[in-house]
>>> print(open('work-v9.csv').read())   # CSV, C-alpha atoms
chain,number,residue,atom,x,y,z
K,1,MET,CA,-25.2,-7.9,-6.4
K,2,PRO,CA,-26.4,-6.5,-9.8
K,3,ALA,CA,-23.3,-8.0,-11.5
K,4,SER,CA,-24.7,-11.5,-11.4
K,5,SER,CA,-27.1,-11.4,-14.4
K,6,ASN,CA,-24.6,-9.5,-16.6
K,7,PHE,CA,-21.9,-12.0,-15.7
K,8,GLN,CA,-24.1,-15.1,-16.4
K,9,GLN,CA,-25.0,-13.6,-19.8
K,10,ALA,CA,-21.3,-13.1,-20.6
K,11,ILE,CA,-20.6,-16.7,-19.8
K,12,ARG,CA,-23.4,-17.9,-22.1
K,13,GLU,CA,-22.1,-15.8,-25.0
K,14,ALA,CA,-18.5,-16.7,-24.5
K,15,GLN,CA,-18.6,-20.2,-25.8
K,16,SER,CA,-16.5,-19.5,-28.9
K,17,SER,CA,-12.8,-18.8,-28.8
K,18,ALA,CA,-13.2,-16.1,-31.5
K,19,LEU,CA,-12.3,-12.7,-30.3
K,20,VAL,CA,-14.9,-10.1,-31.1
K,21,GLY,CA,-13.1,-7.3,-29.3
K,22,PRO,CA,-9.3,-7.9,-29.3
K,23,ASN,CA,-8.6,-4.4,-28.0
K,24,VAL,CA,-11.5,-4.0,-25.6
K,25,VAL,CA,-9.5,-4.9,-22.4
K,26,GLN,CA,-6.9,-2.3,-23.1
K,27,LYS,CA,-9.6,0.3,-23.8
K,28,ALA,CA,-11.5,-0.6,-20.7
K,29,LEU,CA,-8.8,-0.6,-18.1
K,30,PRO,CA,-8.4,3.2,-17.8
K,31,TYR,CA,-12.1,3.5,-17.0
K,32,VAL,CA,-11.9,0.7,-14.4
K,33,GLY,CA,-9.1,2.6,-12.7
K,34,GLY,CA,-11.0,5.9,-13.0
K,35,GLY,CA,-14.0,4.2,-11.5
K,36,MET,CA,-12.0,3.0,-8.6
K,37,LEU,CA,-10.7,6.5,-7.9
K,38,LEU,CA,-14.1,7.9,-8.0
K,39,THR,CA,-15.3,5.2,-5.7
K,40,ALA,CA,-12.5,6.0,-3.2
K,41,GLY,CA,-13.7,9.6,-3.3
K,42,GLY,CA,-17.2,8.5,-2.5
K,43,VAL,CA,-16.0,6.4,0.4
K,44,ILE,CA,-14.1,9.4,1.8
K,45,GLY,CA,-17.2,11.6,1.5
K,46,GLY,CA,-19.4,9.0,3.2
K,47,LEU,CA,-16.9,8.5,6.0
K,48,SER,CA,-16.8,12.3,6.5
K,49,LEU,CA,-20.6,12.5,6.7
K,50,GLN,CA,-20.7,9.6,9.2
K,51,ALA,CA,-18.3,11.6,11.4
K,52,SER,CA,-19.9,15.0,11.1
K,53,ASN,CA,-23.7,14.1,10.8
K,54,PRO,CA,-24.5,10.5,11.4
K,55,GLY,CA,-28.2,11.2,11.6
K,56,LEU,CA,-28.1,12.4,8.0
K,57,PHE,CA,-26.0,9.6,6.7
K,58,ASN,CA,-28.5,6.8,7.3
K,59,PRO,CA,-31.4,8.2,5.2
K,60,LEU,CA,-28.9,9.2,2.5
K,61,PHE,CA,-27.4,5.8,2.5
K,62,LEU,CA,-30.8,4.2,1.9
K,63,VAL,CA,-31.7,6.6,-0.9
K,64,SER,CA,-28.3,6.1,-2.5
K,65,ALA,CA,-28.5,2.3,-2.4
K,66,ILE,CA,-31.9,2.3,-4.1
K,67,GLY,CA,-30.9,5.0,-6.6
K,68,ASN,CA,-27.7,3.2,-7.4
K,69,PHE,CA,-29.5,0.0,-8.1
K,70,ILE,CA,-31.6,1.7,-10.7
K,71,LEU,CA,-28.7,3.7,-12.1
K,72,PHE,CA,-26.7,0.4,-12.7
K,73,PHE,CA,-29.3,-0.9,-15.1
K,74,VAL,CA,-29.6,2.4,-17.0
K,75,ALA,CA,-25.8,2.7,-17.3
K,76,MET,CA,-25.4,-1.0,-18.3
K,77,GLY,CA,-28.0,-0.6,-21.1
K,78,ALA,CA,-26.2,2.4,-22.5
K,79,ALA,CA,-22.8,0.8,-22.2
K,80,ASN,CA,-24.0,-2.5,-23.8
K,81,ASN,CA,-25.4,-0.5,-26.8
K,82,ALA,CA,-22.0,1.3,-27.1
K,83,ASN,CA,-23.7,4.6,-26.4
K,84,ASN,CA,-20.5,5.7,-24.6
K,85,GLU,CA,-21.4,9.4,-24.5
K,86,LYS,CA,-24.5,8.6,-22.5
K,87,ALA,CA,-22.9,5.8,-20.5
K,88,LEU,CA,-19.8,7.7,-19.3
K,89,PRO,CA,-21.6,10.3,-17.1
K,90,LEU,CA,-23.9,7.6,-15.8
K,91,LEU,CA,-21.0,5.4,-14.8
K,92,THR,CA,-19.2,8.3,-13.3
K,93,ALA,CA,-22.2,9.0,-11.0
K,94,TYR,CA,-22.6,5.3,-10.4
K,95,SER,CA,-19.0,5.0,-9.2
K,96,LEU,CA,-19.3,7.9,-6.8
K,97,ILE,CA,-22.5,6.7,-5.3
K,98,THR,CA,-21.2,3.2,-5.0
K,99,GLY,CA,-18.3,4.7,-2.9
K,100,PHE,CA,-20.8,6.4,-0.7
K,101,THR,CA,-22.7,3.2,-0.1
K,102,LEU,CA,-19.4,1.3,0.5
K,103,SER,CA,-18.5,3.8,3.3
K,104,GLY,CA,-20.9,1.9,5.5
K,105,ILE,CA,-18.9,-1.3,5.6
K,106,VAL,CA,-15.6,0.6,5.4
K,107,GLY,CA,-16.5,2.6,8.5
K,108,TYR,CA,-17.6,-0.6,10.3
K,109,ALA,CA,-14.4,-2.3,9.4
K,110,ILE,CA,-12.3,0.6,10.6
K,111,THR,CA,-14.2,0.5,13.9
K,112,ALA,CA,-14.2,-3.3,14.2
K,113,ILE,CA,-10.7,-4.4,13.1
K,114,GLY,CA,-8.8,-1.2,12.5
K,115,VAL,CA,-7.9,1.1,9.6
K,116,GLY,CA,-5.1,-1.3,8.6
K,117,SER,CA,-7.9,-3.7,7.3
K,118,ILE,CA,-8.7,-1.2,4.6
K,119,ALA,CA,-5.1,-1.1,3.4
K,120,THR,CA,-4.9,-4.9,3.5
K,121,ALA,CA,-8.1,-5.3,1.4
K,122,VAL,CA,-7.0,-2.7,-1.1
K,123,PHE,CA,-3.6,-4.4,-1.4
K,124,ALA,CA,-5.1,-7.9,-1.8
K,125,THR,CA,-7.6,-6.6,-4.4
K,126,GLY,CA,-4.8,-4.9,-6.4
K,127,LEU,CA,-2.5,-7.9,-6.2
K,128,THR,CA,-5.4,-10.1,-7.5
K,129,PHE,CA,-5.8,-7.7,-10.4
K,130,VAL,CA,-2.1,-7.8,-11.4
K,131,ILE,CA,-2.0,-11.7,-11.3
K,132,ALA,CA,-5.4,-12.0,-13.1
K,133,SER,CA,-4.3,-9.6,-15.9
K,134,PHE,CA,-1.3,-11.8,-16.6
K,135,VAL,CA,-2.9,-15.2,-16.2
K,136,GLY,CA,-6.4,-14.5,-17.5
K,137,THR,CA,-5.4,-13.2,-20.9
K,138,ARG,CA,-3.3,-16.3,-21.4
K,139,MET,CA,-5.8,-19.0,-20.5
K,140,SER,CA,-6.6,-21.6,-23.0
K,141,ASP,CA,-10.2,-22.0,-24.2
K,142,ASN,CA,-10.6,-25.2,-22.2
K,143,VAL,CA,-9.5,-23.7,-19.0
K,144,GLY,CA,-11.2,-20.4,-19.6
K,145,GLN,CA,-14.6,-21.9,-20.4
K,146,ALA,CA,-14.4,-24.5,-17.6
K,147,LEU,CA,-13.5,-21.8,-15.0
K,148,SER,CA,-16.3,-19.6,-16.4
K,149,GLN,CA,-18.8,-22.4,-15.8
K,150,VAL,CA,-17.5,-23.1,-12.3
K,151,VAL,CA,-17.6,-19.5,-11.3
K,152,GLY,CA,-21.1,-19.1,-12.8
K,153,LEU,CA,-22.4,-22.0,-10.7
K,154,GLY,CA,-20.6,-20.6,-7.7
K,155,LEU,CA,-22.3,-17.2,-8.1
K,156,ILE,CA,-25.7,-18.8,-8.1
K,157,GLY,CA,-24.8,-20.6,-4.9
K,158,LEU,CA,-23.5,-17.4,-3.3
K,159,LEU,CA,-26.7,-15.5,-4.2
K,160,ILE,CA,-28.8,-18.3,-2.6
K,161,ALA,CA,-26.6,-18.3,0.5
K,162,ILE,CA,-26.9,-14.5,0.8
K,163,VAL,CA,-30.7,-14.7,0.6
K,164,VAL,CA,-30.8,-17.4,3.2
K,165,GLN,CA,-28.5,-15.2,5.4
K,166,LEU,CA,-30.7,-12.1,5.0
K,167,VAL,CA,-33.9,-14.0,5.8
K,168,GLY,CA,-32.4,-16.0,8.6
K,169,GLY,CA,-30.8,-12.8,10.0
K,170,ILE,CA,-34.3,-11.5,10.7
K,171,PHE,CA,-35.1,-14.3,13.0
K,172,ALA,CA,-31.7,-15.4,14.3
K,173,PRO,CA,-29.1,-12.7,13.8
K,174,ASN,CA,-26.4,-14.3,15.9
K,175,MET,CA,-26.6,-17.5,13.9
K,176,PHE,CA,-26.8,-16.1,10.4
K,177,LEU,CA,-25.2,-12.6,10.5
K,178,ARG,CA,-22.2,-13.6,12.6
K,179,GLY,CA,-20.1,-16.7,13.4
K,180,GLN,CA,-19.5,-19.6,11.2
K,181,PHE,CA,-22.2,-18.8,8.6
K,182,GLU,CA,-20.9,-15.4,7.9
K,183,LEU,CA,-17.3,-16.8,7.8
K,184,MET,CA,-18.4,-19.4,5.3
K,185,ILE,CA,-20.1,-16.8,3.0
K,186,ALA,CA,-17.3,-14.3,3.3
K,187,GLY,CA,-14.7,-17.0,2.5
K,188,PHE,CA,-16.6,-18.4,-0.4
K,189,GLY,CA,-17.4,-15.0,-1.8
K,190,THR,CA,-13.7,-14.0,-1.7
K,191,VAL,CA,-12.6,-17.2,-3.5
K,192,LEU,CA,-15.5,-16.8,-6.1
K,193,PHE,CA,-14.6,-13.2,-7.0
K,194,VAL,CA,-10.9,-14.1,-7.2
K,195,GLY,CA,-11.9,-16.7,-9.8
K,196,MET,CA,-14.2,-14.2,-11.5
K,197,SER,CA,-11.3,-11.7,-11.8
K,198,PHE,CA,-9.4,-14.3,-13.9
K,199,VAL,CA,-12.5,-15.0,-16.0
K,200,ASP,CA,-13.1,-11.3,-16.7
K,201,PHE,CA,-9.8,-11.1,-18.7
K,202,TYR,CA,-10.7,-14.3,-20.6
K,203,THR,CA,-14.4,-13.4,-21.2
K,204,MET,CA,-14.3,-9.7,-22.0
K,205,PRO,CA,-12.7,-9.9,-25.5
K,206,ARG,CA,-15.1,-12.7,-26.4
K,207,ARG,CA,-18.2,-10.9,-25.1
K,208,TYR,CA,-17.7,-7.3,-26.1
K,209,ASN,CA,-16.6,-5.6,-29.3
K,210,ASP,CA,-14.1,-2.8,-29.1
K,211,ASP,CA,-16.8,-0.1,-29.0
K,212,GLN,CA,-18.3,-1.7,-25.9
K,213,TYR,CA,-15.3,-1.0,-23.7
K,214,LEU,CA,-17.5,0.8,-21.1
K,215,ALA,CA,-19.6,-2.3,-20.7
K,216,GLY,CA,-16.5,-4.4,-20.2
K,217,ALA,CA,-15.2,-1.8,-17.7
K,218,LEU,CA,-18.4,-1.9,-15.7
K,219,GLY,CA,-18.3,-5.7,-15.4
K,220,MET,CA,-14.6,-5.7,-14.3
K,221,TYR,CA,-15.2,-2.8,-11.9
K,222,LEU,CA,-18.0,-4.7,-10.2
K,223,THR,CA,-15.8,-7.8,-9.9
K,224,TYR,CA,-13.1,-5.9,-7.9
K,225,ILE,CA,-15.6,-3.9,-5.9
K,226,ASN,CA,-17.2,-7.2,-4.7
K,227,LEU,CA,-13.9,-8.8,-4.1
K,228,PHE,CA,-12.9,-5.8,-1.9
K,229,ILE,CA,-16.2,-6.1,0.0
K,230,PHE,CA,-15.8,-9.9,0.6
K,231,ILE,CA,-12.2,-9.5,1.7
K,232,LEU,CA,-13.3,-7.0,4.3
K,233,ARG,CA,-16.1,-9.3,5.4
K,234,LEU,CA,-13.7,-12.2,5.7
K,235,MET,CA,-11.3,-10.2,7.8
K,236,ILE,CA,-14.1,-9.1,10.1
K,237,ALA,CA,-15.5,-12.6,10.4
K,238,LEU,CA,-12.0,-14.0,11.2
K,239,GLN,CA,-11.8,-11.5,14.1
K,240,GLY,CA,-15.1,-12.8,15.4
K,241,GLY,CA,-17.1,-9.8,14.2
K,242,GLY,CA,-14.8,-7.2,15.5
K,243,ARG,CA,-13.5,-5.8,18.7
K,244,ARG,CA,-15.3,-6.5,21.9
K,245,ASP,CA,-13.9,-3.6,23.9
>>> encode(input="work-v9.csv", output="structure tokens")
Amino acid sequence: MPASSNFQQAIREAQSSALVGPNVVQKALPYVGGGMLLTAGGVIGGLSLQASNPGLFNPLFLVSAIGNFILFFVAMGAANNANNEKALPLLTAYSLITGFTLSGIVGYAITAIGVGSIATAVFATGLTFVIASFVGTRMSDNVGQALSQVVGLGLIGLLIAIVVQLVGGIFAPNMFLRGQFELMIAGFGTVLFVGMSFVDFYTMPRRYNDDQYLAGALGMYLTYINLFIFILRLMIALQGGGRRD
């Protein structure tokens, strides 16, 4: 998850209660919402391609995943430098391609546990956003900085667990990619990104100035995209990996 290094940097620089961007959250939110809509469009496009030409989807998925990884760092650099004219089209493309790559897990979830799982994950993600937007902006410095540190450490642990899962899955897929190990990672990831959603609202105005609203929007967008993914993974894991029929 490319959000990790950006988030840890935000934590290190958010040690002071002084607001450097008092209006950055309000300026970023429309772009977070726009990014989500573009991502939904990318998901629909990916699902359509899976249905019409699954043989073409797999190579495009691989190329998109690699390209999107590179595009993230280019877009993040432009956004951090407040070069918003350059960053906006890059982030637009990034959101669309992210949706295309997400269509893989969305398609699997629809097949494994039903289309209702997507609506449930979207609702849970949206509800988290509403609660975090109210609570996160009102957290005291003590609570905000303590939660930031806990979430930062948790993110490191999650990344280590994912690496172990990927490596272990090569040799023992039934043990590492399914069952209790996957349930543990999915549950921990869900809790972690719920916590990160609260931290975002506390950290953003202390990390970014008002002209860096696209950088803040990118960080928040990634939080909710990852939350959505881990909620889906958790629901699949709770169903034992999906339907057996």
>>> residues_near_point(input="work-v9.csv", point="(-21.3, -13.8, 4.4)", cutoff="10 Å", atoms="only C-alpha atoms", output="number ranges by chain")
K: 158, 161-162, 165-166, 176-190, 230, 233-234, 237
>>> residues_around(input="work-v9.csv", residues="segment 36-41 of chain K", least_positions_apart="4", cutoff="7 Å", atoms="all atoms listed in the file", output="list in words")
Val32, Gly45, Ser95, Leu96, Thr98 and Gly99 of chain K
>>> residues_around(input="work-v9.csv", residues="Met196 of chain K", least_positions_apart="4", cutoff="7 Å", atoms="all atoms listed in the file", output="VMD selection string")
chain K and resid 151 192 200 223
>>> closest_residue(input="work-v9.csv", among="K:Ile156, K:Leu214, K:Val43, K:Val115", to="Pro89 of chain K", atoms="all atoms listed in the file")
K:Leu214
>>> atom_distance(input="work-v9.csv", atom1="atom CA of Gly216 of chain K", atom2="atom CA of Ala79 of chain K")
8.4 Å
>>> atom_distance(input="work-v9.csv", atom1="atom CA of Val122 of chain K", atom2="atom CA of Asn226 of chain K")
11.7 Å
>>> atom_distance(input="work-v9.csv", atom1="atom CA of Leu232 of chain K", atom2="atom CA of Gly114 of chain K")
11.0 Å
>>> residues_around(input="work-v9.csv", residues="Thr137 of chain K", least_positions_apart="6", cutoff="10 Å", atoms="only C-alpha atoms", output="ChimeraX atom specification")
/K:25,144,198-205
>>> write_last_selection(input="work-v9.csv", atoms="C-alpha atoms", output="tab-separated table (two decimals), keeping the file's coordinate frame")
chain	number	residue	atom	x	y	z
K	25	VAL	CA	-9.50	-4.90	-22.40
K	144	GLY	CA	-11.20	-20.40	-19.60
K	198	PHE	CA	-9.40	-14.30	-13.90
K	199	VAL	CA	-12.50	-15.00	-16.00
K	200	ASP	CA	-13.10	-11.30	-16.70
K	201	PHE	CA	-9.80	-11.10	-18.70
K	202	TYR	CA	-10.70	-14.30	-20.60
K	203	THR	CA	-14.40	-13.40	-21.20
K	204	MET	CA	-14.30	-9.70	-22.00
K	205	PRO	CA	-12.70	-9.90	-25.50
>>> closest_residue(input="work-v9.csv", among="K:Val130, K:Asp211, K:Lys86, K:Leu47", to="Ala109 of chain K", atoms="only C-alpha atoms")
K:Leu47
>>> residues_near_point(input="work-v9.csv", point="(-27.0, 4.9, 1.2)", cutoff="7 Å", atoms="only C-alpha atoms", output="mmCIF file with C-alpha atoms, in the coordinates of the input")
data_model
loop_
_atom_site.group_PDB
_atom_site.id
_atom_site.type_symbol
_atom_site.label_atom_id
_atom_site.label_comp_id
_atom_site.auth_asym_id
_atom_site.auth_seq_id
_atom_site.Cartn_x
_atom_site.Cartn_y
_atom_site.Cartn_z
ATOM 1 C CA ASN K 58 -28.500 6.800 7.300
ATOM 2 C CA PRO K 59 -31.400 8.200 5.200
ATOM 3 C CA LEU K 60 -28.900 9.200 2.500
ATOM 4 C CA PHE K 61 -27.400 5.800 2.500
ATOM 5 C CA LEU K 62 -30.800 4.200 1.900
ATOM 6 C CA VAL K 63 -31.700 6.600 -0.900
ATOM 7 C CA SER K 64 -28.300 6.100 -2.500
ATOM 8 C CA ALA K 65 -28.500 2.300 -2.400
ATOM 9 C CA PHE K 100 -20.800 6.400 -0.700
ATOM 10 C CA THR K 101 -22.700 3.200 -0.100
#
>>> closest_residue(input="work-v9.csv", among="K:Pro22, K:Gly169, K:Gly67, K:Pro30", to="Arg207 of chain K", atoms="all atoms listed in the file")
K:Pro22
>>> residues_around(input="work-v9.csv", residues="Val143 of chain K", least_positions_apart="2", cutoff="12 Å", atoms="all atoms listed in the file", output="ChimeraX atom specification")
/K:15,17,135-141,145-151,195,198-199,202-203
>>> closest_residue(input="work-v9.csv", among="K:Val163, K:Ile105, K:Val20, K:Gly77", to="Gly46 of chain K", atoms="all atoms listed in the file")
K:Ile105
>>> closest_residue(input="work-v9.csv", among="K:Ser133, K:Gln212, K:Ser197, K:Gln50", to="Ile225 of chain K", atoms="only C-alpha atoms")
K:Ser197
>>> closest_residue(input="work-v9.csv", among="K:Asn174, K:Phe134, K:Gly42, K:Leu49", to="Gly240 of chain K", atoms="all atoms listed in the file")
K:Asn174
>>> residues_around(input="work-v9.csv", residues="Gln26 of chain K", least_positions_apart="5", cutoff="10 Å", atoms="only C-alpha atoms", output="MDAnalysis selection string")
chainID K and resid 31 205 210 213 217
>>> decode(input="work-v9.csv", residues="segment 211-239 of chain K", atoms="N, CA and C atoms", output="CSV table (one decimal), in the first residue's frame")
chain,number,residue,atom,x,y,z
K,211,ASP,N,-2.8,25.4,0.5
K,211,ASP,CA,-2.5,25.1,-1.0
K,211,ASP,C,-2.2,23.7,-1.3
K,212,GLN,N,-2.0,22.9,-0.3
K,212,GLN,CA,-1.7,21.5,-0.5
K,212,GLN,C,-2.9,20.6,-0.3
K,213,TYR,N,-4.1,21.1,-0.6
K,213,TYR,CA,-5.3,20.4,-0.4
K,213,TYR,C,-5.4,19.1,-1.2
K,214,LEU,N,-4.7,19.0,-2.4
K,214,LEU,CA,-4.8,17.8,-3.2
K,214,LEU,C,-3.9,16.7,-2.5
K,215,ALA,N,-2.8,17.1,-1.9
K,215,ALA,CA,-2.0,16.1,-1.1
K,215,ALA,C,-2.8,15.5,0.0
K,216,GLY,N,-3.5,16.4,0.7
K,216,GLY,CA,-4.4,15.9,1.8
K,216,GLY,C,-5.5,15.0,1.3
K,217,ALA,N,-6.1,15.4,0.1
K,217,ALA,CA,-7.1,14.6,-0.4
K,217,ALA,C,-6.6,13.2,-0.8
K,218,LEU,N,-5.4,13.2,-1.4
K,218,LEU,CA,-4.9,11.9,-1.8
K,218,LEU,C,-4.7,11.0,-0.6
K,219,GLY,N,-4.2,11.5,0.5
K,219,GLY,CA,-4.0,10.7,1.7
K,219,GLY,C,-5.3,10.2,2.3
K,220,MET,N,-6.3,11.0,2.3
K,220,MET,CA,-7.6,10.6,2.8
K,220,MET,C,-8.3,9.6,1.9
K,221,TYR,N,-8.2,9.9,0.6
K,221,TYR,CA,-8.7,8.9,-0.4
K,221,TYR,C,-8.2,7.5,-0.2
K,222,LEU,N,-6.8,7.5,0.0
K,222,LEU,CA,-6.2,6.1,0.2
K,222,LEU,C,-6.7,5.5,1.4
K,223,THR,N,-6.9,6.2,2.5
K,223,THR,CA,-7.4,5.7,3.7
K,223,THR,C,-8.7,4.9,3.5
K,224,TYR,N,-9.7,5.6,2.8
K,224,TYR,CA,-11.0,5.0,2.6
K,224,TYR,C,-11.0,3.9,1.6
K,225,ILE,N,-10.1,4.0,0.6
K,225,ILE,CA,-10.0,2.9,-0.4
K,225,ILE,C,-9.5,1.6,0.3
K,226,ASN,N,-8.5,1.8,1.2
K,226,ASN,CA,-8.0,0.6,1.9
K,226,ASN,C,-9.0,0.1,2.9
K,227,LEU,N,-9.7,1.0,3.5
K,227,LEU,CA,-10.7,0.6,4.5
K,227,LEU,C,-11.8,-0.3,3.7
K,228,PHE,N,-12.2,0.2,2.6
K,228,PHE,CA,-13.2,-0.6,1.8
K,228,PHE,C,-12.6,-2.0,1.4
K,229,ILE,N,-11.4,-2.0,1.0
K,229,ILE,CA,-10.8,-3.3,0.6
K,229,ILE,C,-10.7,-4.3,1.8
K,230,PHE,N,-10.3,-3.8,3.0
K,230,PHE,CA,-10.2,-4.7,4.1
K,230,PHE,C,-11.6,-5.1,4.7
K,231,ILE,N,-12.6,-4.2,4.5
K,231,ILE,CA,-13.9,-4.7,4.9
K,231,ILE,C,-14.4,-5.8,4.0
K,232,LEU,N,-14.1,-5.7,2.7
K,232,LEU,CA,-14.5,-6.8,1.8
K,232,LEU,C,-13.7,-8.0,2.2
K,233,ARG,N,-12.4,-7.9,2.4
K,233,ARG,CA,-11.6,-9.1,2.8
K,233,ARG,C,-12.1,-9.7,4.1
K,234,LEU,N,-12.6,-8.9,5.0
K,234,LEU,CA,-13.1,-9.4,6.3
K,234,LEU,C,-14.4,-10.2,6.1
K,235,MET,N,-15.3,-9.6,5.3
K,235,MET,CA,-16.5,-10.3,5.0
K,235,MET,C,-16.3,-11.6,4.3
K,236,ILE,N,-15.4,-11.6,3.3
K,236,ILE,CA,-15.0,-12.9,2.6
K,236,ILE,C,-14.4,-13.9,3.6
K,237,ALA,N,-13.5,-13.5,4.4
K,237,ALA,CA,-12.9,-14.4,5.4
K,237,ALA,C,-13.9,-14.9,6.4
K,238,LEU,N,-14.8,-14.1,6.8
K,238,LEU,CA,-15.8,-14.5,7.8
K,238,LEU,C,-16.8,-15.6,7.2
K,239,GLN,N,-16.9,-15.6,5.8
K,239,GLN,CA,-17.7,-16.6,5.1
K,239,GLN,C,-16.8,-17.8,4.7
